[in-house]
file data-v3.txt (compact mmCIF, C-alpha atoms)
# COMPACT_ATOMS: atom_id res chain seq x y z
CA MET A 1 -8.29 -4.26 22.69
CA ASN A 2 -9.24 -4.38 19.00
CA ARG A 3 -8.93 -0.56 18.93
CA PHE A 4 -5.43 -0.88 20.33
CA CYS A 5 -4.56 -3.50 17.68
CA SER A 6 -5.73 -1.19 14.90
CA LEU A 7 -3.56 1.68 16.14
CA VAL A 8 -0.51 -0.50 16.77
CA SER A 9 -0.85 -2.26 13.42
CA GLY A 10 -1.03 1.10 11.63
CA LEU A 11 1.97 2.38 13.59
CA VAL A 12 4.11 -0.68 12.85
CA PHE A 13 3.04 -0.53 9.20
CA GLY A 14 4.00 3.15 9.01
CA LEU A 15 7.34 2.50 10.70
CA GLY A 16 8.02 -0.37 8.30
CA LEU A 17 7.23 1.78 5.26
CA THR A 18 9.51 4.54 6.56
CA ILE A 19 12.47 2.28 7.42
CA SER A 20 12.16 0.40 4.13
CA GLY A 21 12.38 3.55 2.00
CA MET A 22 8.91 3.10 0.47
CA THR A 23 7.87 6.58 1.65
CA ASN A 24 10.31 8.24 -0.74
CA PRO A 25 8.77 8.44 -4.24
CA GLU A 26 12.23 8.93 -5.77
CA LYS A 27 13.38 5.57 -4.36
CA VAL A 28 10.22 3.89 -5.66
CA ILE A 29 10.82 5.30 -9.16
CA ASN A 30 14.42 4.07 -9.02
CA PHE A 31 13.10 0.62 -8.04
CA LEU A 32 10.74 0.58 -11.03
CA ASN A 33 13.45 1.90 -13.38
CA ILE A 34 14.88 -1.57 -14.12
CA THR A 35 16.38 -0.76 -17.54
CA ARG A 36 18.46 2.29 -16.58
CA SER A 37 19.77 3.04 -13.06
CA TRP A 38 18.10 0.43 -10.90
CA ASP A 39 17.71 0.37 -7.11
CA PRO A 40 16.49 -3.18 -6.35
CA SER A 41 16.10 -2.49 -2.58
CA LEU A 42 12.32 -2.39 -2.49
CA ALA A 43 12.07 -5.99 -3.70
CA PHE A 44 13.37 -6.82 -0.22
CA VAL A 45 10.37 -5.07 1.35
CA MET A 46 8.03 -7.52 -0.31
CA ILE A 47 10.34 -10.46 0.43
CA GLY A 48 10.52 -9.48 4.12
CA ALA A 49 6.79 -8.86 4.48
CA ILE A 50 5.80 -12.10 2.74
CA ALA A 51 8.42 -14.11 4.66
CA VAL A 52 6.58 -13.10 7.85
CA SER A 53 2.94 -13.12 6.73
CA ALA A 54 2.84 -16.20 4.45
CA PRO A 55 3.70 -18.69 7.26
CA PHE A 56 1.29 -16.78 9.51
CA PHE A 57 -1.65 -17.06 7.09
CA SER A 58 -1.12 -20.79 6.58
CA LEU A 59 -1.01 -21.34 10.37
CA VAL A 60 -3.96 -19.07 11.23
CA LYS A 61 -6.28 -20.97 8.86
CA HIS A 62 -6.79 -23.46 11.69
CA ASN A 63 -7.89 -20.79 14.18
CA LYS A 64 -11.64 -20.39 14.69
CA LYS A 65 -11.72 -16.71 15.59
CA PRO A 66 -9.40 -13.73 16.04
CA TRP A 67 -8.39 -12.59 19.52
CA PHE A 68 -10.52 -9.45 19.74
CA ALA A 69 -13.26 -9.84 17.11
CA GLU A 70 -16.00 -12.36 16.33
CA THR A 71 -14.83 -13.68 12.96
CA PHE A 72 -11.97 -13.64 10.50
CA SER A 73 -12.85 -11.59 7.41
CA TRP A 74 -11.17 -13.80 4.81
CA PRO A 75 -11.42 -12.30 1.30
CA THR A 76 -14.16 -14.10 -0.62
CA LEU A 77 -13.60 -13.08 -4.25
CA THR A 78 -11.82 -15.68 -6.36
CA GLU A 79 -12.66 -14.75 -9.96
CA ILE A 80 -10.06 -13.05 -12.13
CA ASP A 81 -12.37 -10.61 -13.92
CA SER A 82 -11.94 -7.54 -16.10
CA LYS A 83 -12.36 -5.25 -13.06
CA LEU A 84 -9.31 -6.79 -11.41
CA VAL A 85 -7.26 -6.50 -14.60
CA VAL A 86 -8.29 -2.96 -15.58
CA GLY A 87 -8.08 -1.68 -12.01
CA SER A 88 -4.62 -3.13 -11.41
CA LEU A 89 -3.25 -1.78 -14.70
CA LEU A 90 -4.65 1.69 -13.97
CA PHE A 91 -3.22 1.61 -10.45
CA GLY A 92 0.18 0.55 -11.84
CA ILE A 93 0.28 3.46 -14.29
CA GLY A 94 -0.58 5.96 -11.53
CA TRP A 95 2.01 4.39 -9.22
CA GLY A 96 4.70 4.58 -11.93
CA LEU A 97 3.94 8.22 -12.77
CA ILE A 98 4.70 9.53 -9.26
CA GLY A 99 6.04 6.67 -7.14
CA LEU A 100 3.31 6.76 -4.52
CA CYS A 101 0.93 3.91 -3.71
CA PRO A 102 -1.83 4.28 -1.07
CA GLY A 103 0.18 3.21 2.04
CA PRO A 104 3.19 5.51 1.59
CA ALA A 105 0.85 8.25 0.33
CA ILE A 106 -1.15 8.20 3.57
CA ALA A 107 2.01 7.88 5.71
CA SER A 108 3.47 10.91 3.91
CA ILE A 109 0.68 13.15 5.27
CA SER A 110 3.00 13.69 8.25
CA PHE A 111 5.59 15.35 5.97
CA LEU A 112 3.08 18.16 5.23
CA GLN A 113 4.18 18.50 1.60
CA HIS A 114 1.83 20.11 -0.92
CA SER A 115 2.69 17.45 -3.49
CA SER A 116 1.68 14.54 -1.27
CA LEU A 117 -1.54 16.27 -0.15
CA ALA A 118 -2.52 16.97 -3.77
CA PHE A 119 -1.91 13.33 -4.67
CA ILE A 120 -3.93 12.06 -1.68
CA LEU A 121 -6.90 14.34 -2.38
CA ALA A 122 -6.97 13.13 -5.98
CA MET A 123 -6.73 9.51 -4.79
CA LEU A 124 -9.68 10.00 -2.42
CA ALA A 125 -11.62 11.63 -5.25
CA GLY A 126 -10.87 8.48 -7.26
CA PHE A 127 -12.37 6.32 -4.50
CA ALA A 128 -15.45 8.58 -4.49
CA LEU A 129 -15.83 8.40 -8.28
CA VAL A 130 -15.94 4.60 -8.23
CA ARG A 131 -18.42 4.61 -5.32
CA ALA A 132 -20.65 7.06 -7.18
CA TYR A 133 -20.45 5.01 -10.38
CA TYR A 134 -21.46 1.79 -8.60
CA LEU A 135 -24.33 3.58 -6.82
CA LEU A 136 -25.64 4.95 -10.13
CA GLN A 137 -25.49 1.49 -11.70
CA GLN A 138 -27.74 -0.04 -9.02
CA MET B 1 21.73 -1.01 -16.36
CA THR B 2 23.57 0.09 -13.20
CA ILE B 3 22.66 -0.55 -9.56
CA ILE B 4 22.24 2.58 -7.40
CA HIS B 5 21.40 3.48 -3.76
CA PHE B 6 21.08 -0.19 -2.77
CA THR B 7 19.76 -0.59 0.82
CA PRO B 8 18.81 -4.27 1.16
CA VAL B 9 19.11 -4.44 4.97
CA SER B 10 16.85 -1.51 5.89
CA SER B 11 14.37 -2.48 3.17
CA LEU B 12 14.23 -6.06 4.43
CA LEU B 13 13.83 -4.83 8.02
CA GLY B 14 10.99 -2.52 6.94
CA GLY B 15 9.38 -5.44 5.12
CA LEU B 16 9.56 -7.64 8.23
CA LEU B 17 7.82 -4.88 10.21
CA ILE B 18 5.09 -4.62 7.57
CA GLY B 19 4.60 -8.39 7.87
CA CYS B 20 4.25 -7.97 11.66
CA ALA B 21 1.64 -5.23 11.14
CA VAL B 22 -0.33 -7.58 8.87
CA ILE B 23 -0.23 -10.27 11.59
CA ILE B 24 -1.37 -7.88 14.36
CA PHE B 25 -4.36 -6.67 12.32
CA PHE B 26 -5.44 -10.18 11.31
CA ILE B 27 -4.89 -12.12 14.55
CA GLY B 28 -6.34 -9.25 16.61
CA ASN B 29 -9.20 -7.97 14.47
CA GLY B 30 -9.53 -10.68 11.83
CA ARG B 31 -9.01 -8.21 9.02
CA ILE B 32 -6.69 -7.90 6.03
CA ALA B 33 -4.38 -4.88 6.26
CA GLY B 34 -5.08 -3.48 2.81
CA ILE B 35 -4.53 0.25 2.92
CA SER B 36 -6.55 1.36 -0.12
CA GLY B 37 -9.57 -0.52 1.27
CA ILE B 38 -9.13 0.74 4.84
CA THR B 39 -8.81 4.36 3.68
CA ASN B 40 -11.71 4.02 1.24
CA ASN B 41 -13.96 2.54 3.94
CA LEU B 42 -12.90 5.12 6.50
CA LEU B 43 -14.37 7.78 4.23
CA PHE B 44 -17.43 6.04 2.85
CA SER B 45 -18.56 3.31 5.24
CA ASN B 46 -19.79 3.22 8.85
CA VAL B 47 -18.54 -0.33 9.37
CA ASN B 48 -15.45 -0.49 11.63
CA ARG B 49 -15.01 3.25 11.24
CA LEU B 50 -13.11 3.78 14.51
CA ASP B 51 -10.74 0.88 13.76
CA ASN B 52 -10.10 2.22 10.26
CA PHE B 53 -9.47 5.68 11.70
CA LEU B 54 -7.01 4.37 14.30
CA PHE B 55 -5.15 2.32 11.71
CA VAL B 56 -4.79 5.34 9.40
CA LEU B 57 -3.77 7.50 12.38
CA GLY B 58 -1.08 4.96 13.27
CA LEU B 59 0.10 4.91 9.66
CA ILE B 60 0.54 8.70 9.72
CA LEU B 61 2.24 8.63 13.14
CA GLY B 62 4.71 5.88 12.06
CA PRO B 63 7.09 8.27 10.26
CA VAL B 64 6.68 10.83 13.08
CA LEU B 65 7.72 8.22 15.64
CA TYR B 66 10.69 7.19 13.49
CA GLN B 67 11.83 10.78 13.19
CA PHE B 68 11.38 11.35 16.92
CA PHE B 69 13.53 8.39 17.97
CA THR B 70 16.24 8.50 15.30
CA GLY B 71 16.40 12.24 14.69
CA ALA B 72 16.89 11.40 11.02
CA THR B 73 15.06 13.32 8.33
CA ILE B 74 12.99 11.08 6.08
CA PRO B 75 13.65 11.79 2.41
CA PHE B 76 10.58 12.63 0.33
CA VAL B 77 11.46 13.69 -3.20
CA ILE B 78 8.91 14.36 -5.95
CA HIS B 79 9.64 16.31 -9.13
CA SER B 80 6.24 16.47 -10.75
CA SER B 81 3.77 19.08 -11.85
CA LEU B 82 0.47 19.48 -10.01
CA MET B 83 -1.30 18.23 -13.12
CA LEU B 84 0.67 14.96 -13.09
CA LEU B 85 0.23 14.53 -9.30
CA VAL B 86 -3.54 14.89 -9.59
CA SER B 87 -3.82 12.61 -12.65
CA ALA B 88 -1.70 9.91 -10.98
CA GLY B 89 -3.63 10.22 -7.69
CA LEU B 90 -6.92 9.79 -9.56
CA MET B 91 -5.60 6.70 -11.36
CA VAL B 92 -4.36 5.16 -8.11
CA GLY B 93 -7.71 5.89 -6.41
CA VAL B 94 -9.91 4.62 -9.24
CA GLY B 95 -7.58 1.70 -10.03
CA THR B 96 -7.33 0.33 -6.49
CA ALA B 97 -11.09 0.79 -5.94
CA ILE B 98 -11.95 -1.16 -9.13
CA GLY B 99 -9.16 -3.73 -8.69
CA GLY B 100 -9.97 -4.26 -5.01
CA GLY B 101 -6.54 -3.64 -3.58
CA CYS B 102 -3.07 -2.13 -3.78
CA THR B 103 0.50 -3.03 -2.88
CA SER B 104 -0.51 -4.02 0.66
CA GLY B 105 -3.82 -5.83 0.12
CA HIS B 106 -2.87 -7.67 -3.08
CA GLY B 107 0.93 -7.40 -3.04
CA VAL B 108 1.63 -8.45 0.55
CA CYS B 109 -1.49 -10.03 2.07
CA GLY B 110 -2.87 -11.62 -1.11
CA ILE B 111 0.41 -13.15 -2.23
CA SER B 112 0.99 -14.43 1.31
CA ARG B 113 -2.37 -16.24 1.10
CA PHE B 114 -1.40 -17.59 -2.37
CA SER B 115 -4.52 -15.91 -3.83
CA SER B 116 -4.45 -16.24 -7.62
CA ARG B 117 -6.44 -12.98 -7.94
CA SER B 118 -3.81 -11.10 -5.96
CA ILE B 119 -0.91 -12.70 -7.81
CA VAL B 120 -2.44 -11.61 -11.15
CA ALA B 121 -3.12 -8.12 -9.76
CA THR B 122 0.43 -7.73 -8.44
CA VAL B 123 2.06 -8.89 -11.68
CA LEU B 124 -0.15 -6.49 -13.66
CA PHE B 125 0.40 -3.39 -11.52
CA MET B 126 4.15 -4.07 -11.31
CA LEU B 127 4.41 -4.44 -15.10
CA ALA B 128 2.27 -1.35 -15.70
CA ALA B 129 4.38 0.68 -13.25
CA ILE B 130 7.70 -0.48 -14.74
CA LEU B 131 6.48 0.25 -18.27
CA THR B 132 5.20 3.68 -17.21
CA VAL B 133 8.61 4.61 -15.73
CA TYR B 134 10.30 3.34 -18.90
CA VAL B 135 8.05 5.33 -21.24
CA LYS B 136 8.25 8.45 -19.05
CA GLY B 137 12.05 8.19 -19.25
CA LEU B 138 11.89 8.34 -23.05
CA MET B 139 10.08 11.69 -23.01

call {"tool": "encode", "arguments": {"input": "data-v3.txt", "output": "structure tokens"}}
result
Amino acid sequence: MNRFCSLVSGLVFGLGLTISGMTNPEKVINFLNITRSWDPSLAFVMIGAIAVSAPFFSLVKHNKKPWFAETFSWPTLTEIDSKLVVGSLLFGIGWGLIGLCPGPAIASISFLQHSSLAFILAMLAGFALVRAYYLLQQ
Amino acid sequence: MTIIHFTPVSSLLGGLLIGCAVIIFFIGNGRIAGISGITNNLLFSNVNRLDNFLFVLGLILGPVLYQFFTGATIPFVIHSSLMLLVSAGLMVGVGTAIGGGCTSGHGVCGISRFSSRSIVATVLFMLAAILTVYVKGLM
């Protein structure tokens, strides 16, 4: 059942990204372009998603375990450190340059466009670089 | 400033679906639906590999399903050189790996849990992205 949940969750997420317009980098750039010709639509994606998941997270706190797994994996980090700050700024610059963040980038694999595949490969290489750096530090 | 291509209804509907996806993954599997983390772990970790694979598969099939049922073509417009695509992809990969999340993990799930880390992350990546688009527009 947990396998089924993973697939369905991914599917619903991908459908949501598509319907919302997040999968079009041009729309994302227009959303970020607040000083010139602005398309505020994508603010409603976050509003919609949080309107559903915020009440859920406050309710689910009282549950002992998920339906199809042993424990809830609540995030444990609480410190606002330089990694969080530098990482988020770097991510924001990359997002603003093209208009793709990881979710829409992965969903766009189905469009079979060279541009999206190039972006994704570079993103995966970025993941690998950070892994390698942490391994070397140990 | 002028408002263009405003689609509040479909964007809100898409957002509600994303919220539902977050709920399904957490109530079913007890996990946060953060896509940079799921993709990263799918490649480099044996833990929950099949679940991560199925989630990513679903994510890729989402647009296919939409296209199948509506018959609509999904717009995907990028005007960028290969050099810029690769640089931006690297920054997104390195940035989300260091910062521990992206628009889904920090922006949706983290803010919904009122996590101060995620709120700081979201404000920072939004500001950086807006500033980047502004500066790029000057060139």

call {"tool": "residues_near_point", "arguments": {"input": "data-v3.txt", "point": "(-13.0, 5.4, -7.3)", "cutoff": "7 Å", "atoms": "all atoms listed in the file", "output": "MDAnalysis selection string"}}
result
(chainID A and resid 125:131) or (chainID B and resid 93:94 97:98)

call {"tool": "residues_around", "arguments": {"input": "data-v3.txt", "residues": "Ala128 of chain B", "least_positions_apart": "5", "cutoff": "9 Å", "atoms": "only C-alpha atoms", "output": "VMD selection string"}}
result
(chain A and resid 88 to 96) or (chain B and resid 123 133)

call {"tool": "residues_around", "arguments": {"input": "data-v3.txt", "residues": "segment 31-47 of chain B", "least_positions_apart": "4", "cutoff": "7 Å", "atoms": "all atoms listed in the file", "output": "VMD selection string"}}
result
(chain A and resid 72 to 73 102 to 103 127) or (chain B and resid 22 25 to 26 52 to 53 96 101 to 102 104 to 105 109)

call {"tool": "write_last_selection", "arguments": {"input": "data-v3.txt", "atoms": "C-alpha atoms", "output": "PDB file, in the coordinates of the input"}}
result
ATOM      1  CA  PHE A  72     -11.970 -13.640  10.500  1.00  0.00           C
ATOM      2  CA  SER A  73     -12.850 -11.590   7.410  1.00  0.00           C
ATOM      3  CA  PRO A 102      -1.830   4.280  -1.070  1.00  0.00           C
ATOM      4  CA  GLY A 103       0.180   3.210   2.040  1.00  0.00           C
ATOM      5  CA  PHE A 127     -12.370   6.320  -4.500  1.00  0.00           C
TER       6      PHE A 127
ATOM      7  CA  VAL B  22      -0.330  -7.580   8.870  1.00  0.00           C
ATOM      8  CA  PHE B  25      -4.360  -6.670  12.320  1.00  0.00           C
ATOM      9  CA  PHE B  26      -5.440 -10.180  11.310  1.00  0.00           C
ATOM     10  CA  ASN B  52     -10.100   2.220  10.260  1.00  0.00           C
ATOM     11  CA  PHE B  53      -9.470   5.680  11.700  1.00  0.00           C
ATOM     12  CA  THR B  96      -7.330   0.330  -6.490  1.00  0.00           C
ATOM     13  CA  GLY B 101      -6.540  -3.640  -3.580  1.00  0.00           C
ATOM     14  CA  CYS B 102      -3.070  -2.130  -3.780  1.00  0.00           C
ATOM     15  CA  SER B 104      -0.510  -4.020   0.660  1.00  0.00           C
ATOM     16  CA  GLY B 105      -3.820  -5.830   0.120  1.00  0.00           C
ATOM     17  CA  CYS B 109      -1.490 -10.030   2.070  1.00  0.00           C
TER      18      CYS B 109
END

call {"tool": "atom_distance", "arguments": {"input": "data-v3.txt", "atom1": "atom CA of Lys136 of chain B", "atom2": "atom CA of Pro40 of chain A"}}
result
19.1 Å

call {"tool": "closest_residue", "arguments": {"input": "data-v3.txt", "among": "A:Pro75, A:Gly87, A:Gly99, A:Pro104", "to": "chain B", "atoms": "only C-alpha atoms"}}
result
A:Gly87
